[in-house]
file query-v9.txt (compact mmCIF, C-alpha atoms)
# COMPACT_ATOMS: atom_id res chain seq x y z
CA MET A 225 43.27 -68.29 68.14
CA GLN A 226 45.75 -67.71 70.96
CA PRO A 227 45.41 -64.88 73.51
CA ILE A 228 47.05 -61.59 72.60
CA LYS A 229 50.70 -61.60 73.68
CA ALA A 230 51.78 -58.19 72.40
CA SER A 231 50.34 -54.77 71.78
CA VAL A 232 47.83 -54.85 68.93
CA PRO A 233 46.66 -51.56 67.40
CA PRO A 234 42.92 -50.94 67.72
CA LEU A 235 40.55 -50.45 64.80
CA HIS A 236 38.39 -47.47 63.99
CA TYR A 237 35.20 -47.54 66.02
CA SER A 238 32.21 -45.49 67.10
CA VAL A 239 29.62 -45.86 69.82
CA ALA A 240 25.86 -45.39 69.53
CA GLY A 241 23.48 -45.17 72.45
CA THR A 242 24.00 -44.70 76.17
CA GLY A 243 22.60 -47.96 77.52
CA THR A 244 24.33 -50.31 79.94
CA VAL A 245 24.19 -53.48 77.82
CA ASP A 246 27.12 -53.61 75.38
CA VAL A 247 26.39 -54.92 71.89
CA VAL A 248 29.30 -55.23 69.43
CA LEU A 249 28.54 -55.19 65.70
CA LEU A 250 30.99 -56.66 63.18
CA HIS A 251 30.11 -55.96 59.55
CA GLY A 252 30.68 -58.25 56.60
CA PHE A 253 32.91 -58.27 53.52
CA LEU A 254 32.83 -55.04 51.47
CA GLU A 255 30.88 -53.32 54.23
CA SER A 256 31.73 -50.90 57.03
CA SER A 257 30.13 -49.80 60.25
CA SER A 258 27.91 -47.55 58.11
CA ILE A 259 26.03 -50.65 56.96
CA TRP A 260 24.11 -50.76 60.26
CA LYS A 261 22.33 -47.49 59.46
CA TYR A 262 18.85 -49.04 59.29
CA LEU A 263 19.27 -51.37 62.25
CA ILE A 264 20.74 -49.15 64.97
CA PRO A 265 17.72 -46.85 65.47
CA LEU A 266 15.56 -49.93 66.08
CA PHE A 267 17.68 -51.33 68.91
CA ASP A 268 16.38 -51.31 72.47
CA PRO A 269 17.50 -48.15 74.35
CA SER A 270 19.18 -50.29 77.01
CA PHE A 271 21.92 -51.14 74.47
CA ARG A 272 25.22 -49.36 74.02
CA VAL A 273 26.24 -50.30 70.49
CA ILE A 274 29.92 -50.52 69.52
CA LEU A 275 30.49 -50.26 65.77
CA ILE A 276 33.87 -51.41 64.45
CA ASP A 277 35.39 -51.02 60.99
CA LEU A 278 37.27 -54.22 60.16
CA PRO A 279 40.78 -54.06 58.59
CA GLY A 280 40.76 -52.64 55.08
CA HIS A 281 37.12 -51.57 55.42
CA GLY A 282 35.59 -48.22 56.31
CA ASN A 283 38.06 -46.07 58.22
CA SER A 284 40.33 -48.93 59.30
CA PRO A 285 43.34 -49.06 56.98
CA THR A 286 44.76 -52.13 55.34
CA GLU A 287 47.93 -53.17 57.10
CA LYS A 288 50.93 -54.52 55.20
CA GLY A 289 51.08 -58.24 54.56
CA GLU A 290 48.41 -60.90 54.78
CA HIS A 291 45.67 -61.04 57.40
CA THR A 292 43.91 -64.02 58.85
CA ILE A 293 40.48 -64.17 60.42
CA GLU A 294 42.26 -64.80 63.74
CA GLU A 295 44.39 -61.66 63.36
CA MET A 296 41.27 -59.64 62.64
CA GLY A 297 39.79 -61.11 65.80
CA HIS A 298 42.80 -59.90 67.78
CA ARG A 299 42.32 -56.40 66.39
CA VAL A 300 38.64 -56.40 67.34
CA TYR A 301 39.39 -57.66 70.85
CA ALA A 302 42.13 -55.04 71.35
CA THR A 303 39.65 -52.38 70.27
CA LEU A 304 37.10 -53.58 72.82
CA LYS A 305 39.72 -53.48 75.55
CA GLU A 306 40.58 -49.89 74.61
CA ILE A 307 36.91 -48.92 74.93
CA GLY A 308 36.65 -50.76 78.25
CA VAL A 309 34.19 -53.42 77.11
CA ASN A 310 34.37 -56.61 79.19
CA ARG A 311 31.07 -58.48 78.84
CA PHE A 312 29.20 -58.07 75.59
CA HIS A 313 26.78 -59.42 73.03
CA LEU A 314 28.66 -60.08 69.77
CA ILE A 315 26.85 -59.86 66.43
CA GLY A 316 28.67 -60.65 63.18
CA HIS A 317 27.31 -60.40 59.67
CA SER A 318 28.87 -62.81 57.15
CA MET A 319 32.66 -62.30 57.48
CA GLY A 320 31.96 -60.54 60.78
CA GLY A 321 30.47 -63.81 61.99
CA TYR A 322 33.66 -65.68 61.09
CA ILE A 323 35.65 -63.17 63.14
CA ALA A 324 33.17 -63.37 66.02
CA LEU A 325 33.69 -67.13 66.21
CA ALA A 326 37.47 -66.68 66.21
CA ILE A 327 37.09 -64.34 69.20
CA ALA A 328 34.79 -66.83 70.94
CA GLU A 329 37.41 -69.56 70.56
CA THR A 330 39.61 -67.74 73.08
CA TYR A 331 37.36 -65.30 74.91
CA ALA A 332 34.04 -67.14 75.23
CA SER A 333 33.76 -66.22 78.91
CA GLU A 334 33.43 -62.54 77.96
CA ILE A 335 30.69 -63.13 75.39
CA ARG A 336 27.11 -63.01 76.65
CA THR A 337 25.67 -64.17 73.33
CA LEU A 338 27.06 -64.60 69.84
CA THR A 339 24.82 -63.94 66.85
CA LEU A 340 25.65 -65.28 63.40
CA LEU A 341 23.79 -62.83 61.21
CA PHE A 342 23.49 -64.50 57.80
CA SER A 343 26.79 -66.22 58.50
CA THR A 344 28.08 -69.72 59.25
CA TYR A 345 30.59 -71.63 61.34
CA LYS A 346 31.53 -73.82 58.36
CA ALA A 347 34.83 -73.48 56.52
CA ASP A 348 34.81 -72.82 52.79
CA SER A 349 34.14 -75.88 50.66
CA PRO A 350 36.63 -76.63 47.84
CA GLU A 351 34.07 -75.23 45.38
CA LYS A 352 33.68 -72.04 47.42
CA LYS A 353 37.44 -71.57 47.53
CA ILE A 354 37.60 -71.75 43.75
CA ILE A 355 34.92 -69.07 43.52
CA ARG A 356 36.88 -66.85 45.90
CA GLU A 357 40.09 -67.37 43.91
CA LYS A 358 38.28 -66.24 40.77
CA SER A 359 36.86 -63.28 42.67
CA VAL A 360 40.37 -62.16 43.61
CA GLU A 361 41.37 -62.12 39.94
CA VAL A 362 38.29 -60.07 39.02
CA MET A 363 39.00 -57.62 41.86
CA LYS A 364 42.55 -57.15 40.63
CA SER A 365 41.43 -56.36 37.09
CA ASP A 366 38.23 -54.36 37.70
CA PHE A 367 37.18 -53.83 41.31
CA ASP A 368 34.31 -51.50 40.40
CA ARG A 369 32.78 -54.13 38.13
CA PHE A 370 33.16 -56.77 40.82
CA VAL A 371 31.12 -54.60 43.20
CA GLU A 372 28.56 -53.65 40.55
CA LEU A 373 27.80 -57.27 39.71
CA GLY A 374 28.32 -58.85 43.11
CA VAL A 375 26.45 -56.70 45.62
CA PRO A 376 22.94 -57.12 44.12
CA ASN A 377 23.30 -60.90 44.34
CA LEU A 378 23.43 -60.61 48.12
CA PHE A 379 19.83 -59.37 48.24
CA GLY A 380 16.68 -61.46 48.00
CA SER A 381 14.79 -61.53 44.70
CA TYR A 382 11.96 -59.27 45.86
CA ALA A 383 14.42 -56.73 47.27
CA LYS A 384 16.19 -56.20 43.95
CA LYS A 385 13.17 -54.23 42.72
CA ALA A 386 11.69 -52.96 45.98
CA GLN A 387 14.97 -51.72 47.44
CA GLU A 388 16.98 -50.39 44.53
CA GLN A 389 18.08 -47.36 46.57
CA ARG A 390 19.41 -49.53 49.38
CA ILE A 391 21.24 -51.76 46.93
CA GLN A 392 22.87 -48.72 45.35
CA TRP A 393 23.78 -47.46 48.82
CA ALA A 394 25.38 -50.84 49.65
CA LYS A 395 27.40 -50.60 46.41
CA GLU A 396 28.67 -47.16 47.41
CA ILE A 397 29.85 -48.49 50.77
CA ALA A 398 31.52 -51.45 49.05
CA LEU A 399 33.39 -49.13 46.68
CA GLN A 400 34.92 -47.35 49.67
CA THR A 401 36.79 -50.56 50.48
CA SER A 402 40.33 -50.60 49.18
CA THR A 403 41.04 -53.24 46.55
CA GLN A 404 43.88 -54.61 48.66
CA GLY A 405 41.65 -54.71 51.72
CA ALA A 406 39.05 -56.70 49.82
CA ILE A 407 41.63 -59.13 48.41
CA THR A 408 43.26 -59.64 51.81
CA ALA A 409 39.88 -60.30 53.43
CA THR A 410 38.93 -62.77 50.69
CA LYS A 411 42.12 -64.77 51.22
CA ALA A 412 41.53 -64.76 54.98
CA MET A 413 38.03 -66.16 54.52
CA MET A 414 39.37 -68.91 52.25
CA GLN A 415 41.85 -70.02 54.92
CA ARG A 416 39.56 -70.00 57.96
CA PRO A 417 38.93 -73.33 59.72
CA ASP A 418 35.60 -74.92 60.54
CA ARG A 419 34.42 -73.65 63.93
CA ARG A 420 31.33 -75.80 64.44
CA ASP A 421 32.56 -77.02 67.83
CA ILE A 422 33.21 -73.46 69.01
CA ALA A 423 29.73 -72.39 67.93
CA LEU A 424 27.95 -75.30 69.55
CA GLN A 425 29.85 -74.90 72.81
CA LEU A 426 27.98 -71.64 73.22
CA GLY A 427 24.76 -73.63 73.68
CA SER A 428 21.70 -71.41 73.97
CA ASN A 429 23.98 -68.36 73.84
CA LEU A 430 24.31 -68.95 70.08
CA LEU A 431 21.75 -67.08 67.99
CA VAL A 432 21.55 -67.65 64.23
CA LEU A 433 19.54 -65.58 61.75
CA LEU A 434 19.34 -67.02 58.23
CA GLY A 435 17.79 -65.97 54.93
CA LYS A 436 15.64 -68.21 52.73
CA GLU A 437 17.18 -66.63 49.62
CA ASP A 438 20.75 -66.33 50.86
CA SER A 439 23.05 -66.99 47.90
CA ALA A 440 26.17 -67.05 50.08
CA ILE A 441 25.06 -69.40 52.88
CA ASN A 442 23.31 -72.76 52.64
CA SER A 443 20.60 -71.85 55.13
CA GLU A 444 18.64 -75.11 54.88
CA GLU A 445 21.71 -77.23 55.56
CA LEU A 446 22.67 -75.10 58.53
CA LEU A 447 19.19 -75.22 60.01
CA LEU A 448 19.15 -79.01 59.81
CA GLU A 449 22.48 -79.20 61.62
CA LEU A 450 21.34 -76.81 64.33
CA GLU A 451 17.89 -78.33 64.87
CA PRO A 452 18.99 -80.84 67.55
CA THR A 453 21.19 -78.28 69.36
CA GLU A 454 20.46 -75.56 71.91
CA ALA A 455 21.13 -72.79 69.39
CA ARG A 456 18.30 -70.34 68.79
CA THR A 457 17.55 -70.05 65.07
CA HIS A 458 15.36 -67.82 62.93
CA LEU A 459 14.70 -68.11 59.19
CA LEU A 460 13.71 -64.90 57.43
CA SER A 461 12.36 -64.24 53.94
CA CYS A 462 15.42 -62.38 52.67
CA GLY A 463 18.82 -62.80 51.09
CA HIS A 464 22.30 -62.46 52.58
CA ASN A 465 21.76 -58.84 53.59
CA GLY A 466 18.73 -59.20 55.82
CA HIS A 467 19.98 -56.44 58.13
CA ILE A 468 19.42 -54.07 55.18
CA GLU A 469 16.39 -55.78 53.62
CA LEU A 470 14.44 -56.49 56.81
CA PRO A 471 15.92 -54.35 59.60
CA GLU A 472 12.64 -54.23 61.52
CA GLN A 473 12.40 -58.02 61.71
CA CYS A 474 16.07 -58.39 62.59
CA ALA A 475 15.84 -55.77 65.33
CA ARG A 476 12.68 -57.31 66.76
CA ILE A 477 14.42 -60.71 67.02
CA LEU A 478 17.65 -59.29 68.44
CA ASN A 479 15.90 -57.12 71.01
CA ALA A 480 13.85 -60.08 72.22
CA GLU A 481 16.69 -62.60 72.23
CA LEU A 482 19.45 -60.46 73.72
CA LEU A 483 17.35 -59.11 76.57
CA VAL A 484 16.23 -62.51 77.85

call {"tool": "encode", "arguments": {"input": "query-v9.txt", "output": "structure tokens"}}
result
Amino acid sequence: MQPIKASVPPLHYSVAGTGTVDVVLLHGFLESSSIWKYLIPLFDPSFRVILIDLPGHGNSPTEKGEHTIEEMGHRVYATLKEIGVNRFHLIGHSMGGYIALAIAETYASEIRTLTLLFSTYKADSPEKKIIREKSVEVMKSDFDRFVELGVPNLFGSYAKKAQEQRIQWAKEIALQTSTQGAITATKAMMQRPDRRDIALQLGSNLLVLLGKEDSAINSEELLLELEPTEARTHLLSCGHNGHIELPEQCARILNAELLV
């Protein structure tokens, strides 16, 4: 990802809290900044939280043409510059984590810590790319059905019964995503490179939260890779959407780790 050379339009954003420590939240695929509803009230009051809607999600429109993860990173960075954010903690859930790493590739000096929240630095495997290609075809034919069947699979097994209301709420947010926005984002995720080196260069400034029942990320494999590194890792009893399933645990970890 090369530095921005021309004017890049900012994304839709909002700010929560009046603290002096900037924390930037990047949501995942088929989410929006609304997805942080359960987490934000649990953050330490010293945080000022910047919530950004990624392209084609929430209130950020889908631009014409194809997007890459790197281009999304440019849009996020331009948005932060508009707000006046210079040094910040960066937290990315799933696709948001991919974008966070793209930003870190160029602007690591401005990042205090980077948190992969149920995300990975790995590129898609050939098998994963095939799954995404099939997903694009399903989205084109019946986007509502894609959401109805796909969103529950991102929650841990216990949560599917205990948190039916939250799962339904996550579906409603997903349905607000434009079909084109979802397809464009899926293709961008397929094309992203491996950013293991970028992640590990962050040393102890890399924080990784993983779920034991995550159907989208191979948590065990990632933990084994990170064990000999300086990265700070936490394994939670949840699925891919731990920020919705276990917001108290996530907030407790983030508050402790980011305020060190």

call {"tool": "closest_residue", "arguments": {"input": "query-v9.txt", "among": "A:Ser258, A:Thr330, A:Gln425, A:Thr242", "to": "A:Glu294", "atoms": "all atoms listed in the file"}}
result
A:Thr330

call {"tool": "closest_atom_pairs", "arguments": {"input": "query-v9.txt", "of": "stretch 231-327 of chain A", "to": "stretch 385-390 of chain A", "cutoff": "12 Å", "atoms": "all atoms listed in the file", "output": "JSON lines"}}
result
{"residue": "A:Ile259", "atom": "CA", "partner": "A:Arg390", "partner_atom": "CA", "distance": 10.1}
{"residue": "A:Trp260", "atom": "CA", "partner": "A:Arg390", "partner_atom": "CA", "distance": 11.9}
{"residue": "A:Lys261", "atom": "CA", "partner": "A:Arg390", "partner_atom": "CA", "distance": 10.7}
{"residue": "A:Tyr262", "atom": "CA", "partner": "A:Arg390", "partner_atom": "CA", "distance": 9.9}

call {"tool": "closest_residue", "arguments": {"input": "query-v9.txt", "among": "A:Pro265, A:Asp277, A:Arg311, A:Val239", "to": "A:Arg476", "atoms": "only C-alpha atoms"}}
result
A:Pro265

call {"tool": "closest_residue", "arguments": {"input": "query-v9.txt", "among": "A:Ser257, A:Ser359, A:Asn377, A:Ser461", "to": "A:Gly320", "atoms": "all atoms listed in the file"}}
result
A:Ser257

call {"tool": "closest_residue", "arguments": {"input": "query-v9.txt", "among": "A:Asp418, A:Asp368, A:Glu444, A:Asp438", "to": "A:Lys395", "atoms": "all atoms listed in the file"}}
result
A:Asp368

call {"tool": "closest_residue", "arguments": {"input": "query-v9.txt", "among": "A:Val247, A:Ile327, A:Val273, A:Ala240", "to": "A:Met296", "atoms": "only C-alpha atoms"}}
result
A:Ile327

call {"tool": "closest_atom_pairs", "arguments": {"input": "query-v9.txt", "of": "stretch 416-436 of chain A", "to": "stretch 344-358 of chain A", "cutoff": "7 Å", "atoms": "only C-alpha atoms", "output": "CSV"}}
result
residue,atom,partner,partner_atom,distance
A:Arg416,CA,A:Ala347,CA,6.0
A:Pro417,CA,A:Ala347,CA,5.2
A:Asp418,CA,A:Ala347,CA,4.3
A:Arg419,CA,A:Tyr345,CA,5.0
A:Arg420,CA,A:Tyr345,CA,5.2
A:Ala423,CA,A:Tyr345,CA,6.7

call {"tool": "atom_distance", "arguments": {"input": "query-v9.txt", "atom1": "atom CA of A:Lys364", "atom2": "atom CA of A:Ile407"}}
result
8.1 Å

call {"tool": "residues_around", "arguments": {"input": "query-v9.txt", "residues": "A:Pro269", "least_positions_apart": "3", "cutoff": "10 Å", "atoms": "all atoms listed in the file", "output": "PyMOL selection string"}}
result
chain A and resi 241-245+264-266+272-273+479

call {"tool": "atom_distance", "arguments": {"input": "query-v9.txt", "atom1": "atom CA of A:Glu451", "atom2": "atom CA of A:Asp268"}}
result
28.1 Å

call {"tool": "closest_residue", "arguments": {"input": "query-v9.txt", "among": "A:Leu482, A:Leu249, A:Leu399, A:Leu460", "to": "A:Gly380", "atoms": "only C-alpha atoms"}}
result
A:Leu460

call {"tool": "residues_around", "arguments": {"input": "query-v9.txt", "residues": "stretch 314-316 of chain A", "least_positions_apart": "3", "cutoff": "9 Å", "atoms": "all atoms listed in the file", "output": "ChimeraX atom specification"}}
result
/A:246-252,319-325,335-343,431

call {"tool": "atom_distance", "arguments": {"input": "query-v9.txt", "atom1": "atom CA of A:Thr403", "atom2": "atom CA of A:Arg299"}}
result
20.1 Å

call {"tool": "residues_around", "arguments": {"input": "query-v9.txt", "residues": "A:Tyr237", "least_positions_apart": "2", "cutoff": "10 Å", "atoms": "all atoms listed in the file", "output": "list in words"}}
result
Pro234, Leu235, Val239, Ser257, Ile274, Leu275, Ile276, Asp277, Leu278, Gly282, Asn283, Ser284, Val300, Thr303, Leu304 and Ile307 of chain A

call {"tool": "build_atoms", "arguments": {"input": "query-v9.txt", "residues": "stretch 232-245 of chain A", "atoms": "N, CA and C atoms", "output": "mmCIF file, in the coordinates of the input"}}
result
data_model
loop_
_atom_site.group_PDB
_atom_site.id
_atom_site.type_symbol
_atom_site.label_atom_id
_atom_site.label_comp_id
_atom_site.auth_asym_id
_atom_site.auth_seq_id
_atom_site.Cartn_x
_atom_site.Cartn_y
_atom_site.Cartn_z
ATOM 1 N N VAL A 232 48.483 -54.768 70.228
ATOM 2 C CA VAL A 232 47.830 -54.850 68.930
ATOM 3 C C VAL A 232 47.078 -53.540 68.711
ATOM 4 N N PRO A 233 47.329 -52.840 67.604
ATOM 5 C CA PRO A 233 46.660 -51.560 67.400
ATOM 6 C C PRO A 233 45.158 -51.723 67.225
ATOM 7 N N PRO A 234 44.371 -50.839 67.843
ATOM 8 C CA PRO A 234 42.920 -50.940 67.720
ATOM 9 C C PRO A 234 42.437 -50.513 66.343
ATOM 10 N N LEU A 235 41.190 -50.828 66.060
ATOM 11 C CA LEU A 235 40.550 -50.450 64.800
ATOM 12 C C LEU A 235 39.709 -49.206 65.002
ATOM 13 N N HIS A 236 39.279 -48.625 63.895
ATOM 14 C CA HIS A 236 38.390 -47.470 63.990
ATOM 15 C C HIS A 236 37.038 -47.931 64.522
ATOM 16 N N TYR A 237 36.484 -47.163 65.445
ATOM 17 C CA TYR A 237 35.200 -47.540 66.020
ATOM 18 C C TYR A 237 34.374 -46.306 66.361
ATOM 19 N N SER A 238 33.100 -46.534 66.593
ATOM 20 C CA SER A 238 32.210 -45.490 67.100
ATOM 21 C C SER A 238 31.223 -46.155 68.043
ATOM 22 N N VAL A 239 30.565 -45.347 68.842
ATOM 23 C CA VAL A 239 29.620 -45.860 69.820
ATOM 24 C C VAL A 239 28.281 -45.164 69.648
ATOM 25 N N ALA A 240 27.210 -45.936 69.661
ATOM 26 C CA ALA A 240 25.860 -45.390 69.530
ATOM 27 C C ALA A 240 25.037 -45.805 70.746
ATOM 28 N N GLY A 241 24.325 -44.858 71.308
ATOM 29 C CA GLY A 241 23.480 -45.170 72.450
ATOM 30 C C GLY A 241 24.204 -45.011 73.770
ATOM 31 N N THR A 242 23.430 -44.915 74.846
ATOM 32 C CA THR A 242 24.000 -44.700 76.170
ATOM 33 C C THR A 242 23.532 -45.761 77.166
ATOM 34 N N GLY A 243 23.080 -46.897 76.649
ATOM 35 C CA GLY A 243 22.600 -47.960 77.520
ATOM 36 C C GLY A 243 23.713 -48.641 78.287
ATOM 37 N N THR A 244 23.355 -49.607 79.089
ATOM 38 C CA THR A 244 24.330 -50.310 79.940
ATOM 39 C C THR A 244 24.651 -51.716 79.446
ATOM 40 N N VAL A 245 23.963 -52.156 78.384
ATOM 41 C CA VAL A 245 24.190 -53.480 77.820
ATOM 42 C C VAL A 245 24.999 -53.330 76.539
#
